[in-house]
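Below is query.txt, which holds compact mmCIF, C-alpha atoms.
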```txt
# COMPACT_ATOMS: atom_id res chain seq x y z
CA MET J 1 -6.88 -2.72 -16.77
CA SER J 2 -3.51 -3.74 -15.31
CA ASN J 3 -3.04 -6.86 -13.21
CA VAL J 4 -0.57 -5.60 -10.60
CA THR J 5 0.93 -8.23 -8.31
CA LYS J 6 2.71 -7.13 -5.15
CA ILE J 7 5.32 -9.63 -3.95
CA TYR J 8 7.38 -8.93 -0.87
CA PHE J 9 9.22 -10.34 2.12
CA SER J 10 8.85 -7.61 4.70
CA PRO J 11 9.42 -8.62 8.34
CA SER J 12 9.38 -5.06 9.69
CA GLY J 13 6.81 -3.73 7.19
CA THR J 14 9.12 -1.21 5.52
CA THR J 15 9.67 -3.10 2.27
CA LYS J 16 5.92 -3.59 2.04
CA LYS J 17 5.47 0.19 2.26
CA VAL J 18 7.85 0.74 -0.67
CA VAL J 19 6.09 -1.88 -2.80
CA ASN J 20 2.74 -0.31 -1.96
CA GLN J 21 4.06 3.12 -2.93
CA ILE J 22 5.14 1.83 -6.33
CA ALA J 23 1.82 0.06 -6.86
CA ASP J 24 -0.14 3.22 -5.98
CA ASN J 25 1.20 4.84 -9.16
CA PHE J 26 -0.65 2.33 -11.34
CA VAL J 27 -4.19 3.39 -12.15
CA ASP J 28 -7.15 1.28 -13.24
CA LYS J 29 -5.68 -1.91 -11.81
CA ASN J 30 -6.51 -5.21 -10.18
CA GLU J 31 -4.16 -6.08 -7.31
CA GLU J 32 -2.93 -9.36 -5.91
CA ILE J 33 -0.64 -9.69 -2.89
CA TYR J 34 1.91 -12.40 -2.11
CA ASP J 35 3.40 -11.84 1.33
CA LEU J 36 6.35 -14.22 1.47
CA LEU J 37 6.44 -14.14 5.24
CA THR J 38 3.43 -16.43 5.09
CA PHE J 39 3.05 -17.48 1.42
CA ASN J 40 5.19 -20.50 0.65
CA SER J 41 3.71 -22.18 -2.42
CA ALA J 42 4.35 -22.44 -6.13
CA LYS J 43 2.68 -19.89 -8.41
CA GLU J 44 2.84 -19.10 -12.11
CA PHE J 45 2.16 -15.61 -13.43
CA LYS J 46 0.91 -14.62 -16.87
CA SER J 47 2.60 -12.46 -19.46
CA ASP J 48 0.05 -9.68 -18.93
CA ASP J 49 0.62 -9.51 -15.17
CA ILE J 50 2.91 -6.85 -13.70
CA ALA J 51 5.00 -7.95 -10.71
CA ILE J 52 6.41 -5.51 -8.16
CA VAL J 53 8.93 -7.49 -6.14
CA GLY J 54 10.45 -6.11 -2.95
CA MET J 55 13.06 -7.65 -0.67
CA PRO J 56 14.97 -6.29 2.33
CA VAL J 57 18.75 -6.46 2.50
CA PHE J 58 20.20 -8.77 5.14
CA ALA J 59 23.98 -8.29 5.42
CA GLY J 60 24.35 -7.72 1.67
CA ARG J 61 21.98 -10.47 0.50
CA ILE J 62 18.26 -10.94 0.10
CA PRO J 63 17.00 -13.07 3.01
CA LYS J 64 17.54 -16.79 2.51
CA THR J 65 13.95 -17.71 3.40
CA GLY J 66 12.61 -14.93 1.19
CA ARG J 67 14.79 -16.15 -1.65
CA ASP J 68 13.64 -19.76 -1.22
CA ARG J 69 10.00 -18.73 -1.31
CA LEU J 70 10.44 -16.33 -4.22
CA SER J 71 12.15 -19.08 -6.21
CA LYS J 72 8.80 -20.93 -6.31
CA LEU J 73 7.17 -18.06 -8.23
CA LYS J 74 7.54 -18.34 -12.00
CA GLY J 75 6.79 -15.87 -14.76
CA ASP J 76 5.87 -16.09 -18.43
CA ASN J 77 7.99 -13.17 -19.62
CA THR J 78 6.06 -11.30 -16.94
CA PRO J 79 7.14 -7.64 -16.53
CA ALA J 80 8.75 -7.11 -13.12
CA ILE J 81 10.05 -4.18 -11.10
CA ALA J 82 12.74 -5.34 -8.66
CA VAL J 83 13.48 -3.34 -5.51
CA VAL J 84 15.65 -4.00 -2.48
CA ASN J 85 15.07 -1.91 0.61
CA TYR J 86 17.80 -1.30 3.18
CA GLY J 87 18.57 0.67 6.32
CA ASN J 88 21.11 3.16 4.96
CA ALA J 89 24.05 0.76 5.42
CA HIS J 90 25.09 -1.49 2.50
CA VAL J 91 23.31 -3.11 -0.45
CA THR J 92 26.33 -5.19 -1.54
CA ASP J 93 25.01 -8.00 -3.80
CA ALA J 94 21.32 -7.99 -2.85
CA LEU J 95 19.91 -6.15 -5.89
CA LEU J 96 21.96 -8.17 -8.34
CA GLU J 97 20.81 -11.36 -6.61
CA LEU J 98 17.15 -10.35 -6.83
CA VAL J 99 17.34 -9.31 -10.48
CA GLU J 100 19.11 -12.50 -11.50
CA LEU J 101 16.68 -14.71 -9.59
CA LEU J 102 13.71 -13.06 -11.30
CA LYS J 103 15.32 -13.47 -14.71
CA GLU J 104 16.03 -17.13 -13.99
CA ASN J 105 12.35 -17.56 -13.15
CA ASN J 106 11.30 -16.07 -16.51
CA PHE J 107 10.33 -12.59 -15.38
CA ASN J 108 11.11 -9.71 -17.72
CA VAL J 109 12.81 -7.30 -15.33
CA VAL J 110 12.10 -3.85 -16.72
CA ALA J 111 13.75 -1.82 -13.95
CA ALA J 112 15.37 -2.14 -10.55
CA GLY J 113 16.12 0.05 -7.58
CA THR J 114 17.43 0.41 -4.06
CA THR J 115 15.42 2.33 -1.47
CA ILE J 116 16.13 3.36 2.11
CA SER J 117 13.97 2.87 5.20
CA HIS J 118 14.40 3.21 8.94
CA HIS J 119 16.82 0.48 10.01
CA SER J 120 14.92 -2.45 11.50
CA ILE J 121 17.59 -3.45 14.04
CA PHE J 122 19.52 -0.27 14.84
CA ASP J 123 16.76 2.26 15.37
CA GLY J 124 19.03 5.30 15.30
CA VAL J 125 19.76 4.85 11.58
CA ALA J 126 17.66 6.40 8.79
CA VAL J 127 15.00 7.66 11.16
CA GLY J 128 11.92 8.85 9.27
CA ARG J 129 12.89 7.20 6.00
CA PRO J 130 11.42 6.90 3.49
CA ASP J 131 10.69 10.61 3.72
CA ALA J 132 9.00 13.00 1.28
CA SER J 133 12.11 13.23 -0.88
CA ASP J 134 12.33 9.42 -1.08
CA ILE J 135 8.66 9.11 -2.00
CA GLU J 136 9.03 11.70 -4.76
CA LYS J 137 11.95 9.77 -6.25
CA ILE J 138 10.10 6.46 -5.99
CA ASN J 139 7.12 7.97 -7.80
CA GLU J 140 9.33 9.40 -10.57
CA PHE J 141 11.01 6.01 -10.95
CA THR J 142 7.65 4.25 -11.17
CA GLU J 143 6.43 6.54 -13.93
CA LYS J 144 9.49 5.58 -15.98
CA CYS J 145 8.79 1.91 -15.21
CA ILE J 146 5.23 2.26 -16.49
CA GLU J 147 6.53 3.81 -19.71
CA LYS J 148 8.92 0.88 -20.19
CA ILE J 149 6.19 -1.67 -19.51
CA ASP J 150 3.89 0.02 -22.02
CA ALA J 151 6.73 -0.07 -24.58
CA ASN J 152 7.49 -3.73 -23.78
CA GLU J 153 11.10 -2.87 -22.88
CA SER J 154 13.55 -4.61 -20.57
CA LEU J 155 16.21 -3.56 -18.10
CA THR J 156 19.37 -2.41 -19.88
CA SER J 157 21.38 -0.88 -17.03
CA GLU J 158 24.13 -2.86 -15.38
CA ILE J 159 23.30 -3.79 -11.79
CA PRO J 160 26.11 -3.39 -9.24
CA GLY J 161 27.20 -6.43 -7.27
CA ASN J 162 29.48 -9.42 -7.48
CA LYS J 163 29.29 -13.15 -8.09
CA PRO J 164 29.66 -15.32 -6.20
CA TYR J 165 27.47 -13.36 -3.83
CA THR J 166 28.77 -12.53 -0.38
CA ASP J 167 28.23 -15.34 2.11
CA TYR J 168 25.14 -15.38 4.30
CA LYS J 169 25.91 -14.07 7.77
CA GLN J 170 24.12 -14.93 11.01
CA LEU J 171 24.01 -12.02 13.42
CA PRO J 172 25.09 -12.93 16.97
CA PHE J 173 22.41 -10.78 18.62
CA GLU J 174 19.96 -12.26 21.10
CA ILE J 175 16.21 -11.79 20.86
CA THR J 176 14.35 -12.04 24.13
CA SER J 177 10.77 -11.59 25.29
CA ASP J 178 9.75 -9.84 28.49
CA GLU J 179 7.31 -12.26 30.11
CA SER J 180 5.84 -9.45 32.21
CA LEU J 181 4.74 -7.66 29.02
CA CYS J 182 3.80 -10.62 26.82
CA SER J 183 0.03 -11.05 26.41
CA PHE J 184 0.43 -14.54 24.94
CA CYS J 185 -1.42 -13.57 21.77
CA TYR J 186 0.90 -15.89 19.79
CA ASP J 187 1.18 -13.45 16.88
CA CYS J 188 4.95 -13.89 16.96
CA VAL J 189 4.55 -17.66 16.69
CA SER J 190 2.31 -17.28 13.63
CA ILE J 191 4.49 -14.76 11.80
CA CYS J 192 7.95 -16.27 12.34
CA PRO J 193 9.10 -17.55 8.91
CA GLU J 194 11.76 -19.77 10.49
CA LYS J 195 9.44 -21.44 13.06
CA ALA J 196 11.97 -20.39 15.69
CA ILE J 197 9.34 -19.64 18.35
CA PRO J 198 7.70 -22.73 19.90
CA ASP J 199 3.97 -23.11 19.34
CA ASP J 200 3.39 -23.49 23.07
CA ASP J 201 5.88 -20.91 24.39
CA PRO J 202 6.08 -17.41 22.82
CA ILE J 203 8.63 -16.38 25.44
CA ASP J 204 11.26 -18.70 23.99
CA THR J 205 13.25 -18.23 20.75
CA ASP J 206 15.49 -20.83 19.14
CA LEU J 207 18.41 -18.60 18.19
CA ASP J 208 19.92 -21.34 16.02
CA LEU J 209 16.84 -21.16 13.77
CA CYS J 210 16.17 -17.43 14.12
CA SER J 211 17.33 -15.26 11.19
CA ARG J 212 16.96 -12.01 13.20
CA CYS J 213 14.46 -10.83 10.61
CA THR J 214 12.54 -8.70 13.20
CA ALA J 215 9.07 -9.97 12.21
CA CYS J 216 8.29 -11.05 15.78
CA ILE J 217 9.47 -7.72 17.19
CA SER J 218 7.46 -5.69 14.69
CA ILE J 219 4.22 -7.60 15.17
CA CYS J 220 4.25 -7.70 18.98
CA PRO J 221 1.38 -5.49 20.25
CA GLU J 222 2.98 -5.16 23.70
CA ASP J 223 6.56 -4.38 22.59
CA ALA J 224 7.63 -7.40 24.62
CA ARG J 225 10.24 -8.68 22.17
CA SER J 226 13.55 -6.96 21.49
CA PHE J 227 17.22 -7.35 20.67
CA THR J 228 19.34 -7.70 23.80
CA GLY J 229 22.73 -8.91 24.93
CA ASP J 230 26.30 -7.68 25.07
CA ALA J 231 26.97 -8.17 21.34
CA PHE J 232 24.00 -6.00 20.35
CA GLU J 233 24.71 -3.28 22.91
CA ALA J 234 28.35 -3.13 21.84
CA LYS J 235 27.55 -2.95 18.12
CA LYS J 236 24.71 -0.41 18.25
CA PRO J 237 26.59 2.88 18.82
CA ALA J 238 29.39 2.06 16.39
CA PHE J 239 26.96 0.95 13.66
CA GLU J 240 24.77 4.01 14.07
CA GLU J 241 27.76 6.35 13.87
CA ALA J 242 29.24 4.55 10.85
CA ASN J 243 25.95 4.76 8.93
CA SER J 244 24.77 8.23 9.91
CA GLU J 245 25.50 9.86 6.54
CA ARG J 246 22.39 9.94 4.38
CA LYS J 247 22.29 7.63 1.36
CA GLU J 248 19.87 8.14 -1.52
CA PRO J 249 17.69 5.75 -3.53
CA GLU J 250 19.29 4.49 -6.73
CA PHE J 251 17.40 3.34 -9.80
CA TYR J 252 18.33 1.32 -12.88
CA LEU J 253 16.34 1.33 -16.12
```
Before we go any further, please render this structure as structure tokens.
Amino acid sequence: MSNVTKIYFSPSGTTKKVVNQIADNFVDKNEEIYDLLTFNSAKEFKSDDIAIVGMPVFAGRIPKTGRDRLSKLKGDNTPAIAVVNYGNAHVTDALLELVELLKENNFNVVAAGTTISHHSIFDGVAVGRPDASDIEKINEFTEKCIEKIDANESLTSEIPGNKPYTDYKQLPFEITSDESLCSFCYDCVSICPEKAIPDDDPIDTDLDLCSRCTACISICPEDARSFTGDAFEAKKPAFEEANSERKEPEFYL
């Protein structure tokens, strides 16, 4: 029986879906889940565990908070599948960064990939992704990963990207909450990985702390939270037009 560990930082839930899809291809398994939106502790994995690690792409990098929390997880030559999930724009250095971090933490990266999901900020990009074609490719990739794990093999393909990695970028967009819609459930307060929403005031957001990860927007049951402001409204049509051409998942074995 396989010990499959799902590790992800998934503010909008799309990276989680990709990790789950990969995990579903493993049969006769025990599963553990480490959701790095909330899990922020040290953990050591065994050599007979199998780690499926998913990260979103934030402006060409894996998210800083996700990286910091993932860095606390250590392997023992633990087989790992590394995937970055993005909104049909640019991967840049994110996959290379994830693969190298896992290797540094003593995971045996057997394969890596980039997958596409509906963009979490600009909702006109990659609508409906991952679709049936994406899922088929993810499943085919996973079958090859399982073969490599069974053969005790490692990643041999070169991963695209550059070092030093591109600088972290803070988006200038505002996030606001419509007080007339907010039910004061405080889910956004609980989920925010940056603690940018005050414990006593879910209407407010400290934009200096906020990473624009979209976790608070995705979890809000009343759709009260959203991106607003002149910078966002000006960027949206140009970004959606520039990234309208379909990109495909890419896999490295």
(request) Find the residue from J:Glu194, J:Glu248, J:Ser2, J:Val189 that sits nearest to Glu136 (chain J); use all atoms listed in the file when measuring. (result)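 Smallest distance to Glu136 (chain J) is found for J:Glu248.
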(message) Would you pick out the contacts of Asp131 (chain J) at 10 Å or less, using only C-alpha atoms, so that residues sharing its chain but fewer than 6 positions from it are not included, and give the list as a ChimeraX atom specification?
(response) /J:116-118
Please tabulate, as a Markdown table, the residues of region 58-138 of chain J that come within 9 Å of region 32-41 of chain J, each with its closest pair of atoms and the distance in Å to one decimal, counting only C-alpha atoms and ordering rows by chain, then residue number upward.
```
| residue | atom | partner | partner_atom | distance |
| --- | --- | --- | --- | --- |
| J:Thr65 | CA | J:Leu37 | CA | 8.5 |
| J:Gly66 | CA | J:Leu36 | CA | 6.3 |
| J:Asp68 | CA | J:Asn40 | CA | 8.7 |
| J:Arg69 | CA | J:Asn40 | CA | 5.5 |
| J:Leu70 | CA | J:Leu36 | CA | 7.3 |
| J:Lys72 | CA | J:Ser41 | CA | 6.5 |
| J:Leu73 | CA | J:Ser41 | CA | 7.9 |
```
(request) Name all residues at most 10 Å from Asp134 (chain J) (count all atoms listed in the file; drop same-chain ones fewer than 4 positions away) and give them as a list in words. (result) Val18, Thr115, Ile116, Ser117, Arg129, Pro130, Ile138, Asn139, Glu140, Glu248 and Pro249 of chain J
(request) Name all residues at most 12 Å from region 208-222 of chain J (count all atoms listed in the file; drop same-chain ones fewer than 6 positions away) and give them as a count of residues only. (result) 58
(message) Using only C-alpha atoms, can you tell me which of J:Ala234, J:Val110, J:Ala80, J:Ala94 comes closest to Leu155 (chain J)?
(response)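 Answer, going by the shortest atom-to-atom distance: J:Val110.
Between CA of Thr156 (chain J) and CA of Leu253 (chain J) lies a distance of 6.1 Å.
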Please provide as a PDB file with C-alpha atoms, in the frame of the given file all residues within 12 Å of Thr114 (chain J), with the sequence filter that same-chain residues fewer than 2 positions apart are discarded (counting all atoms listed in the file).
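As a result, selection_28.pdb now contains:
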```
ATOM      1  CA  THR J  15       9.670  -3.100   2.270  1.00  0.00           C
ATOM      2  CA  VAL J  18       7.850   0.740  -0.670  1.00  0.00           C
ATOM      3  CA  VAL J  19       6.090  -1.880  -2.800  1.00  0.00           C
ATOM      4  CA  VAL J  53       8.930  -7.490  -6.140  1.00  0.00           C
ATOM      5  CA  GLY J  54      10.450  -6.110  -2.950  1.00  0.00           C
ATOM      6  CA  MET J  55      13.060  -7.650  -0.670  1.00  0.00           C
ATOM      7  CA  PRO J  56      14.970  -6.290   2.330  1.00  0.00           C
ATOM      8  CA  VAL J  57      18.750  -6.460   2.500  1.00  0.00           C
ATOM      9  CA  ILE J  81      10.050  -4.180 -11.100  1.00  0.00           C
ATOM     10  CA  ALA J  82      12.740  -5.340  -8.660  1.00  0.00           C
ATOM     11  CA  VAL J  83      13.480  -3.340  -5.510  1.00  0.00           C
ATOM     12  CA  VAL J  84      15.650  -4.000  -2.480  1.00  0.00           C
ATOM     13  CA  ASN J  85      15.070  -1.910   0.610  1.00  0.00           C
ATOM     14  CA  TYR J  86      17.800  -1.300   3.180  1.00  0.00           C
ATOM     15  CA  GLY J  87      18.570   0.670   6.320  1.00  0.00           C
ATOM     16  CA  ASN J  88      21.110   3.160   4.960  1.00  0.00           C
ATOM     17  CA  ALA J  89      24.050   0.760   5.420  1.00  0.00           C
ATOM     18  CA  HIS J  90      25.090  -1.490   2.500  1.00  0.00           C
ATOM     19  CA  VAL J  91      23.310  -3.110  -0.450  1.00  0.00           C
ATOM     20  CA  THR J  92      26.330  -5.190  -1.540  1.00  0.00           C
ATOM     21  CA  ASP J  93      25.010  -8.000  -3.800  1.00  0.00           C
ATOM     22  CA  ALA J  94      21.320  -7.990  -2.850  1.00  0.00           C
ATOM     23  CA  LEU J  95      19.910  -6.150  -5.890  1.00  0.00           C
ATOM     24  CA  LEU J  96      21.960  -8.170  -8.340  1.00  0.00           C
ATOM     25  CA  LEU J  98      17.150 -10.350  -6.830  1.00  0.00           C
ATOM     26  CA  VAL J  99      17.340  -9.310 -10.480  1.00  0.00           C
ATOM     27  CA  ALA J 111      13.750  -1.820 -13.950  1.00  0.00           C
ATOM     28  CA  ALA J 112      15.370  -2.140 -10.550  1.00  0.00           C
ATOM     29  CA  ILE J 116      16.130   3.360   2.110  1.00  0.00           C
ATOM     30  CA  SER J 117      13.970   2.870   5.200  1.00  0.00           C
ATOM     31  CA  PRO J 130      11.420   6.900   3.490  1.00  0.00           C
ATOM     32  CA  ASP J 134      12.330   9.420  -1.080  1.00  0.00           C
ATOM     33  CA  LYS J 137      11.950   9.770  -6.250  1.00  0.00           C
ATOM     34  CA  ILE J 138      10.100   6.460  -5.990  1.00  0.00           C
ATOM     35  CA  PHE J 141      11.010   6.010 -10.950  1.00  0.00           C
ATOM     36  CA  ILE J 159      23.300  -3.790 -11.790  1.00  0.00           C
ATOM     37  CA  PRO J 160      26.110  -3.390  -9.240  1.00  0.00           C
ATOM     38  CA  LYS J 247      22.290   7.630   1.360  1.00  0.00           C
ATOM     39  CA  GLU J 248      19.870   8.140  -1.520  1.00  0.00           C
ATOM     40  CA  PRO J 249      17.690   5.750  -3.530  1.00  0.00           C
ATOM     41  CA  GLU J 250      19.290   4.490  -6.730  1.00  0.00           C
ATOM     42  CA  PHE J 251      17.400   3.340  -9.800  1.00  0.00           C
ATOM     43  CA  TYR J 252      18.330   1.320 -12.880  1.00  0.00           C
TER      44      TYR J 252
END
```
(request) Find the distance between CA of Gly113 (chain J) and CA of Gly161 (chain J) and write it in Å to one decimal. (result) 12.8 Å
(message) Quick check, in Å to one decimal: how far apart do CA of Ile52 (chain J) and CA of Asn20 (chain J) lie?
(response)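 About the pair CA of Ile52 (chain J) and CA of Asn20 (chain J): they are 8.9 Å apart.
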Since the input has fewer atoms than a full residue there, write region 51-78 of chain J out with N, CA and C atoms, as an mmCIF file, keeping the file's coordinate frame.
```cif
data_model
loop_
_atom_site.group_PDB
_atom_site.id
_atom_site.type_symbol
_atom_site.label_atom_id
_atom_site.label_comp_id
_atom_site.auth_asym_id
_atom_site.auth_seq_id
_atom_site.Cartn_x
_atom_site.Cartn_y
_atom_site.Cartn_z
ATOM 1 N N ALA J 51 4.533 -7.577 -12.042
ATOM 2 C CA ALA J 51 5.000 -7.950 -10.710
ATOM 3 C C ALA J 51 5.873 -6.837 -10.127
ATOM 4 N N ILE J 52 5.560 -6.416 -8.917
ATOM 5 C CA ILE J 52 6.410 -5.510 -8.160
ATOM 6 C C ILE J 52 6.996 -6.324 -7.016
ATOM 7 N N VAL J 53 8.292 -6.538 -7.057
ATOM 8 C CA VAL J 53 8.930 -7.490 -6.140
ATOM 9 C C VAL J 53 9.879 -6.729 -5.217
ATOM 10 N N GLY J 54 9.623 -6.803 -3.918
ATOM 11 C CA GLY J 54 10.450 -6.110 -2.950
ATOM 12 C C GLY J 54 11.067 -7.061 -1.938
ATOM 13 N N MET J 55 12.336 -6.858 -1.666
ATOM 14 C CA MET J 55 13.060 -7.650 -0.670
ATOM 15 C C MET J 55 13.895 -6.721 0.207
ATOM 16 N N PRO J 56 14.026 -7.031 1.497
ATOM 17 C CA PRO J 56 14.970 -6.290 2.330
ATOM 18 C C PRO J 56 16.385 -6.801 2.092
ATOM 19 N N VAL J 57 17.350 -6.053 2.577
ATOM 20 C CA VAL J 57 18.750 -6.460 2.500
ATOM 21 C C VAL J 57 19.181 -6.955 3.872
ATOM 22 N N PHE J 58 19.657 -8.190 3.919
ATOM 23 C CA PHE J 58 20.200 -8.770 5.140
ATOM 24 C C PHE J 58 21.680 -9.009 4.934
ATOM 25 N N ALA J 59 22.522 -8.138 5.497
ATOM 26 C CA ALA J 59 23.980 -8.290 5.420
ATOM 27 C C ALA J 59 24.439 -8.515 3.973
ATOM 28 N N GLY J 60 23.907 -7.699 3.062
ATOM 29 C CA GLY J 60 24.350 -7.720 1.670
ATOM 30 C C GLY J 60 23.689 -8.736 0.769
ATOM 31 N N ARG J 61 22.710 -9.467 1.287
ATOM 32 C CA ARG J 61 21.980 -10.470 0.500
ATOM 33 C C ARG J 61 20.481 -10.249 0.681
ATOM 34 N N ILE J 62 19.676 -10.844 -0.209
ATOM 35 C CA ILE J 62 18.260 -10.940 0.100
ATOM 36 C C ILE J 62 18.104 -12.099 1.088
ATOM 37 N N PRO J 63 17.114 -12.044 1.975
ATOM 38 C CA PRO J 63 17.000 -13.070 3.010
ATOM 39 C C PRO J 63 16.871 -14.466 2.418
ATOM 40 N N LYS J 64 17.524 -15.432 3.047
ATOM 41 C CA LYS J 64 17.540 -16.790 2.510
ATOM 42 C C LYS J 64 16.123 -17.365 2.405
ATOM 43 N N THR J 65 15.317 -17.184 3.448
ATOM 44 C CA THR J 65 13.950 -17.710 3.400
ATOM 45 C C THR J 65 13.133 -16.988 2.345
ATOM 46 N N GLY J 66 13.300 -15.672 2.227
ATOM 47 C CA GLY J 66 12.610 -14.930 1.190
ATOM 48 C C GLY J 66 13.019 -15.399 -0.194
ATOM 49 N N ARG J 67 14.301 -15.654 -0.372
ATOM 50 C CA ARG J 67 14.790 -16.150 -1.650
ATOM 51 C C ARG J 67 14.187 -17.523 -1.973
ATOM 52 N N ASP J 68 14.182 -18.411 -0.996
ATOM 53 C CA ASP J 68 13.640 -19.760 -1.220
ATOM 54 C C ASP J 68 12.177 -19.711 -1.631
ATOM 55 N N ARG J 69 11.433 -18.820 -0.992
ATOM 56 C CA ARG J 69 10.000 -18.730 -1.310
ATOM 57 C C ARG J 69 9.772 -18.020 -2.644
ATOM 58 N N LEU J 70 10.559 -17.011 -2.926
ATOM 59 C CA LEU J 70 10.440 -16.330 -4.220
ATOM 60 C C LEU J 70 10.796 -17.254 -5.364
ATOM 61 N N SER J 71 11.713 -18.167 -5.139
ATOM 62 C CA SER J 71 12.150 -19.080 -6.210
ATOM 63 C C SER J 71 11.022 -19.985 -6.697
ATOM 64 N N LYS J 72 9.946 -20.096 -5.915
ATOM 65 C CA LYS J 72 8.800 -20.930 -6.310
ATOM 66 C C LYS J 72 7.826 -20.176 -7.209
ATOM 67 N N LEU J 73 8.066 -18.883 -7.402
ATOM 68 C CA LEU J 73 7.170 -18.060 -8.230
ATOM 69 C C LEU J 73 7.785 -17.921 -9.623
ATOM 70 N N LYS J 74 7.041 -18.321 -10.634
ATOM 71 C CA LYS J 74 7.540 -18.340 -12.000
ATOM 72 C C LYS J 74 6.746 -17.378 -12.886
ATOM 73 N N GLY J 75 7.439 -16.774 -13.827
ATOM 74 C CA GLY J 75 6.790 -15.870 -14.760
ATOM 75 C C GLY J 75 6.650 -16.477 -16.143
ATOM 76 N N ASP J 76 6.001 -15.747 -17.015
ATOM 77 C CA ASP J 76 5.870 -16.090 -18.430
ATOM 78 C C ASP J 76 6.232 -14.836 -19.213
ATOM 79 N N ASN J 77 7.523 -14.460 -19.120
ATOM 80 C CA ASN J 77 7.990 -13.170 -19.620
ATOM 81 C C ASN J 77 7.204 -12.030 -18.971
ATOM 82 N N THR J 78 6.885 -12.222 -17.707
ATOM 83 C CA THR J 78 6.060 -11.300 -16.940
ATOM 84 C C THR J 78 6.868 -10.051 -16.564
#
```
